[in-house]
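**Q** This is work-v1.pdb, which holds PDB, N, CA and C atoms:
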ATOM      1  N   MET U 119     -17.148   5.032  -3.732  1.00  0.00           N
ATOM      2  CA  MET U 119     -16.250   6.143  -4.018  1.00  0.00           C
ATOM      3  C   MET U 119     -14.940   5.569  -4.535  1.00  0.00           C
ATOM      4  N   SER U 120     -14.515   6.013  -5.707  1.00  0.00           N
ATOM      5  CA  SER U 120     -13.270   5.507  -6.271  1.00  0.00           C
ATOM      6  C   SER U 120     -12.075   6.126  -5.554  1.00  0.00           C
ATOM      7  N   ALA U 121     -10.930   5.496  -5.743  1.00  0.00           N
ATOM      8  CA  ALA U 121      -9.719   6.007  -5.102  1.00  0.00           C
ATOM      9  C   ALA U 121      -9.391   7.413  -5.595  1.00  0.00           C
ATOM     10  N   HIS U 122      -9.783   7.721  -6.834  1.00  0.00           N
ATOM     11  CA  HIS U 122      -9.486   9.041  -7.393  1.00  0.00           C
ATOM     12  C   HIS U 122     -10.256  10.150  -6.701  1.00  0.00           C
ATOM     13  N   THR U 123     -11.398   9.828  -6.115  1.00  0.00           N
ATOM     14  CA  THR U 123     -12.209  10.861  -5.482  1.00  0.00           C
ATOM     15  C   THR U 123     -12.072  10.873  -3.961  1.00  0.00           C
ATOM     16  N   ARG U 124     -11.342   9.928  -3.403  1.00  0.00           N
ATOM     17  CA  ARG U 124     -11.136   9.901  -1.954  1.00  0.00           C
ATOM     18  C   ARG U 124     -10.086  10.920  -1.558  1.00  0.00           C
ATOM     19  N   PRO U 125     -10.271  11.578  -0.433  1.00  0.00           N
ATOM     20  CA  PRO U 125      -9.238  12.501   0.053  1.00  0.00           C
ATOM     21  C   PRO U 125      -7.917  11.757   0.291  1.00  0.00           C
ATOM     22  N   VAL U 126      -6.828  12.435  -0.006  1.00  0.00           N
ATOM     23  CA  VAL U 126      -5.504  11.827   0.154  1.00  0.00           C
ATOM     24  C   VAL U 126      -5.306  11.318   1.579  1.00  0.00           C
ATOM     25  N   ALA U 127      -5.770  12.068   2.562  1.00  0.00           N
ATOM     26  CA  ALA U 127      -5.603  11.647   3.962  1.00  0.00           C
ATOM     27  C   ALA U 127      -6.308  10.318   4.225  1.00  0.00           C
ATOM     28  N   ASP U 128      -7.464  10.116   3.615  1.00  0.00           N
ATOM     29  CA  ASP U 128      -8.181   8.846   3.787  1.00  0.00           C
ATOM     30  C   ASP U 128      -7.422   7.698   3.142  1.00  0.00           C
ATOM     31  N   ILE U 129      -6.897   7.945   1.947  1.00  0.00           N
ATOM     32  CA  ILE U 129      -6.118   6.917   1.256  1.00  0.00           C
ATOM     33  C   ILE U 129      -4.878   6.588   2.072  1.00  0.00           C
ATOM     34  N   GLU U 130      -4.177   7.616   2.542  1.00  0.00           N
ATOM     35  CA  GLU U 130      -2.964   7.387   3.322  1.00  0.00           C
ATOM     36  C   GLU U 130      -3.263   6.594   4.593  1.00  0.00           C
ATOM     37  N   ALA U 131      -4.315   6.953   5.280  1.00  0.00           N
ATOM     38  CA  ALA U 131      -4.667   6.243   6.515  1.00  0.00           C
ATOM     39  C   ALA U 131      -4.972   4.783   6.232  1.00  0.00           C
ATOM     40  N   ARG U 132      -5.702   4.516   5.166  1.00  0.00           N
ATOM     41  CA  ARG U 132      -6.056   3.130   4.824  1.00  0.00           C
ATOM     42  C   ARG U 132      -4.824   2.350   4.388  1.00  0.00           C
ATOM     43  N   VAL U 133      -3.964   2.960   3.575  1.00  0.00           N
ATOM     44  CA  VAL U 133      -2.734   2.287   3.138  1.00  0.00           C
ATOM     45  C   VAL U 133      -1.860   1.974   4.350  1.00  0.00           C
ATOM     46  N   ARG U 134      -1.682   2.938   5.251  1.00  0.00           N
ATOM     47  CA  ARG U 134      -0.873   2.709   6.457  1.00  0.00           C
ATOM     48  C   ARG U 134      -1.465   1.581   7.296  1.00  0.00           C
ATOM     49  N   ALA U 135      -2.786   1.553   7.418  1.00  0.00           N
ATOM     50  CA  ALA U 135      -3.435   0.497   8.203  1.00  0.00           C
ATOM     51  C   ALA U 135      -3.183  -0.874   7.583  1.00  0.00           C
ATOM     52  N   ILE U 136      -3.295  -0.967   6.268  1.00  0.00           N
ATOM     53  CA  ILE U 136      -3.076  -2.242   5.585  1.00  0.00           C
ATOM     54  C   ILE U 136      -1.624  -2.668   5.711  1.00  0.00           C
ATOM     55  N   VAL U 137      -0.708  -1.750   5.440  1.00  0.00           N
ATOM     56  CA  VAL U 137       0.719  -2.069   5.550  1.00  0.00           C
ATOM     57  C   VAL U 137       1.046  -2.503   6.975  1.00  0.00           C
ATOM     58  N   GLY U 138       0.549  -1.764   7.944  1.00  0.00           N
ATOM     59  CA  GLY U 138       0.798  -2.112   9.342  1.00  0.00           C
ATOM     60  C   GLY U 138       0.266  -3.487   9.701  1.00  0.00           C
ATOM     61  N   GLU U 139      -0.934  -3.797   9.227  1.00  0.00           N
ATOM     62  CA  GLU U 139      -1.538  -5.099   9.514  1.00  0.00           C
ATOM     63  C   GLU U 139      -0.733  -6.240   8.891  1.00  0.00           C
ATOM     64  N   VAL U 140      -0.344  -6.069   7.640  1.00  0.00           N
ATOM     65  CA  VAL U 140       0.392  -7.125   6.937  1.00  0.00           C
ATOM     66  C   VAL U 140       1.801  -7.297   7.511  1.00  0.00           C
ATOM     67  N   LEU U 141       2.431  -6.195   7.864  1.00  0.00           N
ATOM     68  CA  LEU U 141       3.828  -6.254   8.327  1.00  0.00           C
ATOM     69  C   LEU U 141       3.964  -6.224   9.845  1.00  0.00           C
ATOM     70  N   TRP U 142       2.844  -6.231  10.556  1.00  0.00           N
ATOM     71  CA  TRP U 142       2.855  -6.251  12.020  1.00  0.00           C
ATOM     72  C   TRP U 142       3.606  -5.053  12.590  1.00  0.00           C
ATOM     73  N   VAL U 143       3.280  -3.872  12.065  1.00  0.00           N
ATOM     74  CA  VAL U 143       3.888  -2.627  12.511  1.00  0.00           C
ATOM     75  C   VAL U 143       2.745  -1.654  12.795  1.00  0.00           C
ATOM     76  N   ALA U 144       2.866  -0.879  13.844  1.00  0.00           N
ATOM     77  CA  ALA U 144       1.848   0.129  14.127  1.00  0.00           C
ATOM     78  C   ALA U 144       1.804   1.132  12.977  1.00  0.00           C
ATOM     79  N   ALA U 145       0.612   1.410  12.487  1.00  0.00           N
ATOM     80  CA  ALA U 145       0.452   2.310  11.344  1.00  0.00           C
ATOM     81  C   ALA U 145       1.123   3.658  11.585  1.00  0.00           C
ATOM     82  N   ASP U 146       1.043   4.165  12.794  1.00  0.00           N
ATOM     83  CA  ASP U 146       1.646   5.466  13.123  1.00  0.00           C
ATOM     84  C   ASP U 146       3.168   5.432  13.140  1.00  0.00           C
ATOM     85  N   ASP U 147       3.737   4.237  13.208  1.00  0.00           N
ATOM     86  CA  ASP U 147       5.193   4.099  13.237  1.00  0.00           C
ATOM     87  C   ASP U 147       5.806   3.966  11.849  1.00  0.00           C
ATOM     88  N   ILE U 148       4.977   3.963  10.814  1.00  0.00           N
ATOM     89  CA  ILE U 148       5.467   3.762   9.457  1.00  0.00           C
ATOM     90  C   ILE U 148       5.823   5.100   8.830  1.00  0.00           C
ATOM     91  N   ASP U 149       7.054   5.216   8.391  1.00  0.00           N
ATOM     92  CA  ASP U 149       7.528   6.394   7.664  1.00  0.00           C
ATOM     93  C   ASP U 149       7.145   6.186   6.200  1.00  0.00           C
ATOM     94  N   ALA U 150       6.350   7.083   5.653  1.00  0.00           N
ATOM     95  CA  ALA U 150       5.845   6.928   4.287  1.00  0.00           C
ATOM     96  C   ALA U 150       6.952   6.852   3.248  1.00  0.00           C
ATOM     97  N   ALA U 151       8.116   7.394   3.553  1.00  0.00           N
ATOM     98  CA  ALA U 151       9.223   7.395   2.610  1.00  0.00           C
ATOM     99  C   ALA U 151      10.178   6.219   2.808  1.00  0.00           C
ATOM    100  N   ALA U 152      10.008   5.475   3.889  1.00  0.00           N
ATOM    101  CA  ALA U 152      10.916   4.356   4.184  1.00  0.00           C
ATOM    102  C   ALA U 152      10.615   3.158   3.287  1.00  0.00           C
ATOM    103  N   GLN U 153      11.646   2.416   2.980  1.00  0.00           N
ATOM    104  CA  GLN U 153      11.497   1.197   2.190  1.00  0.00           C
ATOM    105  C   GLN U 153      10.737   0.160   3.006  1.00  0.00           C
ATOM    106  N   LEU U 154       9.751  -0.475   2.384  1.00  0.00           N
ATOM    107  CA  LEU U 154       8.953  -1.475   3.089  1.00  0.00           C
ATOM    108  C   LEU U 154       9.776  -2.679   3.519  1.00  0.00           C
ATOM    109  N   ILE U 155      10.869  -2.958   2.824  1.00  0.00           N
ATOM    110  CA  ILE U 155      11.718  -4.073   3.258  1.00  0.00           C
ATOM    111  C   ILE U 155      12.317  -3.799   4.633  1.00  0.00           C
ATOM    112  N   ASP U 156      12.453  -2.515   4.980  1.00  0.00           N
ATOM    113  CA  ASP U 156      12.965  -2.160   6.308  1.00  0.00           C
ATOM    114  C   ASP U 156      11.979  -2.537   7.415  1.00  0.00           C
ATOM    115  N   TYR U 157      10.725  -2.749   7.044  1.00  0.00           N
ATOM    116  CA  TYR U 157       9.695  -3.167   7.999  1.00  0.00           C
ATOM    117  C   TYR U 157       9.427  -4.668   7.918  1.00  0.00           C
ATOM    118  N   GLY U 158      10.216  -5.371   7.116  1.00  0.00           N
ATOM    119  CA  GLY U 158      10.089  -6.823   7.045  1.00  0.00           C
ATOM    120  C   GLY U 158       9.387  -7.370   5.819  1.00  0.00           C
ATOM    121  N   LEU U 159       9.148  -6.527   4.815  1.00  0.00           N
ATOM    122  CA  LEU U 159       8.494  -7.000   3.603  1.00  0.00           C
ATOM    123  C   LEU U 159       9.366  -8.034   2.907  1.00  0.00           C
ATOM    124  N   ASP U 160       8.765  -9.180   2.596  1.00  0.00           N
ATOM    125  CA  ASP U 160       9.427 -10.211   1.815  1.00  0.00           C
ATOM    126  C   ASP U 160       8.439 -10.670   0.752  1.00  0.00           C
ATOM    127  N   SER U 161       8.777 -11.686  -0.015  1.00  0.00           N
ATOM    128  CA  SER U 161       7.906 -12.119  -1.111  1.00  0.00           C
ATOM    129  C   SER U 161       6.510 -12.517  -0.652  1.00  0.00           C
ATOM    130  N   PRO U 162       6.375 -13.374   0.373  1.00  0.00           N
ATOM    131  CA  PRO U 162       5.012 -13.740   0.795  1.00  0.00           C
ATOM    132  C   PRO U 162       4.201 -12.550   1.312  1.00  0.00           C
ATOM    133  N   THR U 163       4.839 -11.659   2.062  1.00  0.00           N
ATOM    134  CA  THR U 163       4.088 -10.512   2.580  1.00  0.00           C
ATOM    135  C   THR U 163       3.799  -9.510   1.470  1.00  0.00           C
ATOM    136  N   ALA U 164       4.655  -9.428   0.473  1.00  0.00           N
ATOM    137  CA  ALA U 164       4.390  -8.542  -0.668  1.00  0.00           C
ATOM    138  C   ALA U 164       3.145  -8.999  -1.409  1.00  0.00           C
ATOM    139  N   ILE U 165       2.981 -10.297  -1.564  1.00  0.00           N
ATOM    140  CA  ILE U 165       1.792 -10.844  -2.215  1.00  0.00           C
ATOM    141  C   ILE U 165       0.555 -10.532  -1.380  1.00  0.00           C
ATOM    142  N   GLU U 166       0.642 -10.763  -0.084  1.00  0.00           N
ATOM    143  CA  GLU U 166      -0.493 -10.478   0.806  1.00  0.00           C
ATOM    144  C   GLU U 166      -0.821  -8.994   0.800  1.00  0.00           C
ATOM    145  N   LEU U 167       0.188  -8.146   0.824  1.00  0.00           N
ATOM    146  CA  LEU U 167      -0.035  -6.702   0.802  1.00  0.00           C
ATOM    147  C   LEU U 167      -0.755  -6.299  -0.482  1.00  0.00           C
ATOM    148  N   THR U 168      -0.316  -6.821  -1.604  1.00  0.00           N
ATOM    149  CA  THR U 168      -0.953  -6.510  -2.880  1.00  0.00           C
ATOM    150  C   THR U 168      -2.416  -6.935  -2.884  1.00  0.00           C
ATOM    151  N   ILE U 169      -2.688  -8.129  -2.405  1.00  0.00           N
ATOM    152  CA  ILE U 169      -4.068  -8.627  -2.339  1.00  0.00           C
ATOM    153  C   ILE U 169      -4.924  -7.719  -1.471  1.00  0.00           C
ATOM    154  N   GLN U 170      -4.416  -7.342  -0.308  1.00  0.00           N
ATOM    155  CA  GLN U 170      -5.180  -6.495   0.603  1.00  0.00           C
ATOM    156  C   GLN U 170      -5.437  -5.108   0.007  1.00  0.00           C
ATOM    157  N   LEU U 171      -4.446  -4.548  -0.667  1.00  0.00           N
ATOM    158  CA  LEU U 171      -4.619  -3.246  -1.302  1.00  0.00           C
ATOM    159  C   LEU U 171      -5.639  -3.319  -2.429  1.00  0.00           C
ATOM    160  N   GLU U 172      -5.570  -4.366  -3.236  1.00  0.00           N
ATOM    161  CA  GLU U 172      -6.524  -4.539  -4.322  1.00  0.00           C
ATOM    162  C   GLU U 172      -7.952  -4.631  -3.794  1.00  0.00           C
ATOM    163  N   ARG U 173      -8.129  -5.380  -2.734  1.00  0.00           N
ATOM    164  CA  ARG U 173      -9.459  -5.517  -2.132  1.00  0.00           C
ATOM    165  C   ARG U 173      -9.952  -4.206  -1.534  1.00  0.00           C
ATOM    166  N   ALA U 174      -9.082  -3.535  -0.799  1.00  0.00           N
ATOM    167  CA  ALA U 174      -9.487  -2.314  -0.103  1.00  0.00           C
ATOM    168  C   ALA U 174      -9.863  -1.187  -1.058  1.00  0.00           C
ATOM    169  N   PHE U 175      -9.161  -1.106  -2.176  1.00  0.00           N
ATOM    170  CA  PHE U 175      -9.381   0.011  -3.097  1.00  0.00           C
ATOM    171  C   PHE U 175     -10.065  -0.402  -4.395  1.00  0.00           C
ATOM    172  N   ASP U 176     -10.441  -1.668  -4.493  1.00  0.00           N
ATOM    173  CA  ASP U 176     -11.124  -2.188  -5.675  1.00  0.00           C
ATOM    174  C   ASP U 176     -10.346  -1.844  -6.946  1.00  0.00           C
ATOM    175  N   ILE U 177      -9.060  -2.186  -6.906  1.00  0.00           N
ATOM    176  CA  ILE U 177      -8.174  -1.939  -8.042  1.00  0.00           C
ATOM    177  C   ILE U 177      -7.409  -3.219  -8.341  1.00  0.00           C
ATOM    178  N   GLU U 178      -6.758  -3.235  -9.494  1.00  0.00           N
ATOM    179  CA  GLU U 178      -5.857  -4.330  -9.830  1.00  0.00           C
ATOM    180  C   GLU U 178      -4.455  -3.751  -9.907  1.00  0.00           C
ATOM    181  N   ILE U 179      -3.525  -4.425  -9.239  1.00  0.00           N
ATOM    182  CA  ILE U 179      -2.133  -3.996  -9.265  1.00  0.00           C
ATOM    183  C   ILE U 179      -1.343  -5.079  -9.991  1.00  0.00           C
ATOM    184  N   PRO U 180      -0.926  -4.809 -11.222  1.00  0.00           N
ATOM    185  CA  PRO U 180      -0.146  -5.802 -11.954  1.00  0.00           C
ATOM    186  C   PRO U 180       1.127  -6.175 -11.198  1.00  0.00           C
ATOM    187  N   GLU U 181       1.554  -7.402 -11.383  1.00  0.00           N
ATOM    188  CA  GLU U 181       2.718  -7.911 -10.660  1.00  0.00           C
ATOM    189  C   GLU U 181       3.955  -7.042 -10.858  1.00  0.00           C
ATOM    190  N   ASP U 182       4.196  -6.599 -12.096  1.00  0.00           N
ATOM    191  CA  ASP U 182       5.383  -5.780 -12.351  1.00  0.00           C
ATOM    192  C   ASP U 182       5.285  -4.422 -11.652  1.00  0.00           C
ATOM    193  N   VAL U 183       4.078  -3.897 -11.537  1.00  0.00           N
ATOM    194  CA  VAL U 183       3.878  -2.632 -10.831  1.00  0.00           C
ATOM    195  C   VAL U 183       4.049  -2.844  -9.331  1.00  0.00           C
ATOM    196  N   ALA U 184       3.459  -3.900  -8.810  1.00  0.00           N
ATOM    197  CA  ALA U 184       3.556  -4.195  -7.378  1.00  0.00           C
ATOM    198  C   ALA U 184       5.020  -4.289  -6.948  1.00  0.00           C
ATOM    199  N   ALA U 185       5.842  -4.850  -7.800  1.00  0.00           N
ATOM    200  CA  ALA U 185       7.264  -5.002  -7.472  1.00  0.00           C
ATOM    201  C   ALA U 185       7.980  -3.663  -7.371  1.00  0.00           C
ATOM    202  N   GLN U 186       7.397  -2.618  -7.968  1.00  0.00           N
ATOM    203  CA  GLN U 186       8.013  -1.288  -7.952  1.00  0.00           C
ATOM    204  C   GLN U 186       7.476  -0.382  -6.837  1.00  0.00           C
ATOM    205  N   LEU U 187       6.468  -0.843  -6.121  1.00  0.00           N
ATOM    206  CA  LEU U 187       5.886  -0.042  -5.033  1.00  0.00           C
ATOM    207  C   LEU U 187       6.622  -0.378  -3.741  1.00  0.00           C
ATOM    208  N   ASN U 188       7.635   0.403  -3.446  1.00  0.00           N
ATOM    209  CA  ASN U 188       8.547   0.084  -2.349  1.00  0.00           C
ATOM    210  C   ASN U 188       8.332   0.894  -1.076  1.00  0.00           C
ATOM    211  N   THR U 189       7.470   1.906  -1.138  1.00  0.00           N
ATOM    212  CA  THR U 189       7.210   2.741   0.032  1.00  0.00           C
ATOM    213  C   THR U 189       5.701   2.997   0.134  1.00  0.00           C
ATOM    214  N   VAL U 190       5.275   3.429   1.288  1.00  0.00           N
ATOM    215  CA  VAL U 190       3.872   3.806   1.468  1.00  0.00           C
ATOM    216  C   VAL U 190       3.541   4.972   0.533  1.00  0.00           C
ATOM    217  N   ALA U 191       4.441   5.914   0.392  1.00  0.00           N
ATOM    218  CA  ALA U 191       4.207   7.067  -0.485  1.00  0.00           C
ATOM    219  C   ALA U 191       3.972   6.614  -1.924  1.00  0.00           C
ATOM    220  N   GLU U 192       4.746   5.652  -2.399  1.00  0.00           N
ATOM    221  CA  GLU U 192       4.572   5.144  -3.756  1.00  0.00           C
ATOM    222  C   GLU U 192       3.235   4.416  -3.907  1.00  0.00           C
ATOM    223  N   ILE U 193       2.845   3.685  -2.887  1.00  0.00           N
ATOM    224  CA  ILE U 193       1.554   3.001  -2.928  1.00  0.00           C
ATOM    225  C   ILE U 193       0.426   4.029  -3.009  1.00  0.00           C
ATOM    226  N   ILE U 194       0.510   5.070  -2.201  1.00  0.00           N
ATOM    227  CA  ILE U 194      -0.524   6.111  -2.203  1.00  0.00           C
ATOM    228  C   ILE U 194      -0.624   6.751  -3.588  1.00  0.00           C
ATOM    229  N   GLU U 195       0.499   7.072  -4.187  1.00  0.00           N
ATOM    230  CA  GLU U 195       0.503   7.658  -5.526  1.00  0.00           C
ATOM    231  C   GLU U 195      -0.178   6.722  -6.520  1.00  0.00           C
ATOM    232  N   TYR U 196       0.129   5.444  -6.436  1.00  0.00           N
ATOM    233  CA  TYR U 196      -0.469   4.482  -7.360  1.00  0.00           C
ATOM    234  C   TYR U 196      -1.983   4.386  -7.145  1.00  0.00           C
ATOM    235  N   VAL U 197      -2.384   4.278  -5.910  1.00  0.00           N
ATOM    236  CA  VAL U 197      -3.818   4.161  -5.603  1.00  0.00           C
ATOM    237  C   VAL U 197      -4.572   5.395  -6.095  1.00  0.00           C
ATOM    238  N   ARG U 198      -3.986   6.550  -5.943  1.00  0.00           N
ATOM    239  CA  ARG U 198      -4.630   7.797  -6.386  1.00  0.00           C
ATOM    240  C   ARG U 198      -4.616   7.928  -7.900  1.00  0.00           C
ATOM    241  N   GLY U 199      -3.789   7.134  -8.560  1.00  0.00           N
ATOM    242  CA  GLY U 199      -3.688   7.238 -10.011  1.00  0.00           C
ATOM    243  C   GLY U 199      -2.661   8.241 -10.461  1.00  0.00           C
ATOM    244  N   ASP U 200      -1.792   8.648  -9.535  1.00  0.00           N
ATOM    245  CA  ASP U 200      -0.763   9.645  -9.840  1.00  0.00           C
ATOM    246  C   ASP U 200       0.495   9.027 -10.444  1.00  0.00           C
ATOM    247  N   ALA U 201       0.620   7.711 -10.302  1.00  0.00           N
ATOM    248  CA  ALA U 201       1.856   7.064 -10.772  1.00  0.00           C
ATOM    249  C   ALA U 201       1.706   6.608 -12.209  1.00  0.00           C
TER     250      ALA U 201
END
Please re-express this file's structure in structure tokens.

**A**
Amino acid sequence: MSAHTRPVADIEARVRAIVGEVLWVAADDIDAAAQLIDYGLDSPTAIELTIQLERAFDIEIPEDVAAQLNTVAEIIEYVRGDA
């Protein structure tokens, strides 16, 4: 099932789980609108987050795009193809 056909709630849950795992934050504690740097995102974790998202959703996230995905909400939009 492609990301375009997955329910938004499923995409959001998976994105939150990945972000939480990479940043060592409980998925339920992540505010979708908050900046990921507020949860400790730095260059090495940004790379790991991108890799994990690409694997989970079978997509490619170009480096310049990855640098612009600063919140969970923005990641969800990108994964869904809305961005």

**Q** With the PyMOL selection byres (((chain U and resi 184 and name CA) around 12) and name CA) as the selection, what would be picked from this file? Answer as a PyMOL selection string, please.

**A** chain U and resi 161+163-169+171-172+177-183+185-190+192-193+196-197+201

**Q** Could you spell out the hits of the PyMOL selection byres ((chain U and resi 135-142) around 6.5) on the shown file, as a PyMOL selection string?

**A** chain U and resi 130-134+143-145+157-159+163+167

**Q** Kindly compute an axis-aligned box around the listed atoms of region 180-199 of chain U, allowing 4 Å on each side, and express its centre and edge lengths in Å to one decimal as JSON.

**A**
{"center_x": 2.0, "center_y": 0.2, "center_z": -5.4, "size_x": 21.2, "size_y": 24.2, "size_z": 21.8}

**Q** Just the helix (DSSP H, G or I) stuff from chain U, please, per backbone DSSP, written as a ChimeraX atom specification.

**A** /U:126-141,145-147,154-157,161-175,181-184,190-198

**Q** Rounded to one decimal place, report the atom N of Ala127 (chain U)-CA of Pro162 (chain U) distance in Å.

**A**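 Separating atom N of Ala127 (chain U) from CA of Pro162 (chain U) is a distance of 28.0 Å.
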
**Q** What's the separation between CA of Gln153 (chain U) and CA of Ile194 (chain U), in Å to one decimal place?

**A** 13.7 Å

**Q** I'd like the interatomic distance between atom C of Ala152 (chain U) and atom N of Val126 (chain U), to a tenth of an Å.

**A**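 About the pair atom C of Ala152 (chain U) and atom N of Val126 (chain U): they are 20.0 Å apart.
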
**Q** Between U:Pro125, U:Asp156, U:Arg198, U:Asp147, which one has atoms that come closest to Phe175 (chain U), using only C-alpha atoms?

**A** U:Arg198
